[in-house]
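*Asks:* Attaching a single structure in structure tokens format; questions to follow.
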Amino acid sequence: MWIVLGCVLFAACGRVSAADHSELCQDLVNLQTTVEFLGAPDPSSTVGEVRGALDKLDPTFQAVHDDDAVPDDEDDALLDAQDAYRDQIADLGDDTPFAPTLPATSSVGQALLHDYEVVRQRLACASSLEPR
């Protein structure tokens, strides 16, 4: 009897855990286009557009950082990539063309994209989720 009860409780906890991440996973999926843009910005973009995209990530990336299901090294890598990106454009005006900055930010943008995917996999976000 205790085995059956334990199995039932374990299954219930598993469902609660998955449900806990559904909102965060949806937020991550909603940001996919933004993260992909940052991974390879259009050369005609401005620094302000890139800065705005980085700012758009803040609430969700903070939620990832606060989620115990994501190991610190993984969420730190995500936040570090975002910070490194910001550092590259910190002294540039919003109207500045982004194209000259592409060589300096390319590897940072690819790291951000990679770390974003690692977090989505860690949270086991359903591939069937669509942006809202």
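Ordering of the structure tokens sets the chain letters (A, B, ...); residue numbers start at 1 within each chain; ligands are numbered from 1 in the order shown.
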Find the spatial neighbours of A:Thr46, counting only C-alpha atoms, within a cut-off of 12 Å - ignore same-chain residues fewer than 3 positions away - and output them as a PyMOL selection string.

*Replies:* chain A and resi 38+41-43+49-53+89+92-102

*Asks:* According to DSSP computed on the backbone, where in stretch 34-81 of chain A is there alpha helix (DSSP H)? Give the residues as a VMD selection string.

*Replies:* chain A and resid 34 to 39 47 to 66 72 to 81

*Asks:* When you draw a straight line from atom CA of A:Ala126 to atom CA of A:Glu36, how long is it in Å?

*Replies:*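 If I compute the distance from atom CA of A:Ala126 to atom CA of A:Glu36, I get 18.3 Å.
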
*Asks:* Might you pull out every residue within 12 Å of A:Asp68, with only C-alpha atoms counted and same-chain residues fewer than 3 positions away left off, and present them as an MDAnalysis selection string?

*Replies:* chainID A and resid 17 20:21 62:65 71:75 119 122:123

*Asks:* Considering only C-alpha atoms, state which residue in the set A:Val47, A:Leu24, A:Val29, A:Ala90 is at the smallest distance from A:Leu129.

*Replies:* A:Val29

*Asks:* From the options A:Gln110, A:Ser127, A:Gln32, A:Thr105, which residue's atoms come nearest to A:Thr60, counting only C-alpha atoms?

*Replies:* A:Gln32

*Asks:* Between atom CA of A:Gly48 and atom CA of A:Asp27, what is the distance in Å, rounded to a tenth?

*Replies:* 22.6 Å

*Asks:* For atom CA of A:Ser45 and atom CA of A:Ser106, determine how far apart the two atoms are, in Å to one decimal place.

*Replies:*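 It comes out at 14.0 Å.
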
*Asks:* When you count only C-alpha atoms, which of these residues is closest to A:Leu78: A:Val35, A:Ala40, A:Tyr116, A:Arg132?

*Replies:*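 The shortest atom-to-atom distance to A:Leu78 comes from A:Tyr116.
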
*Asks:* Have a look at A:Asp58, A:Asp80, A:Glu130, A:Glu23 and name the one nearest to A:Asp115; count only C-alpha atoms.

*Replies:*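 Looking at the shortest contact to A:Asp115, the residue is A:Asp80.
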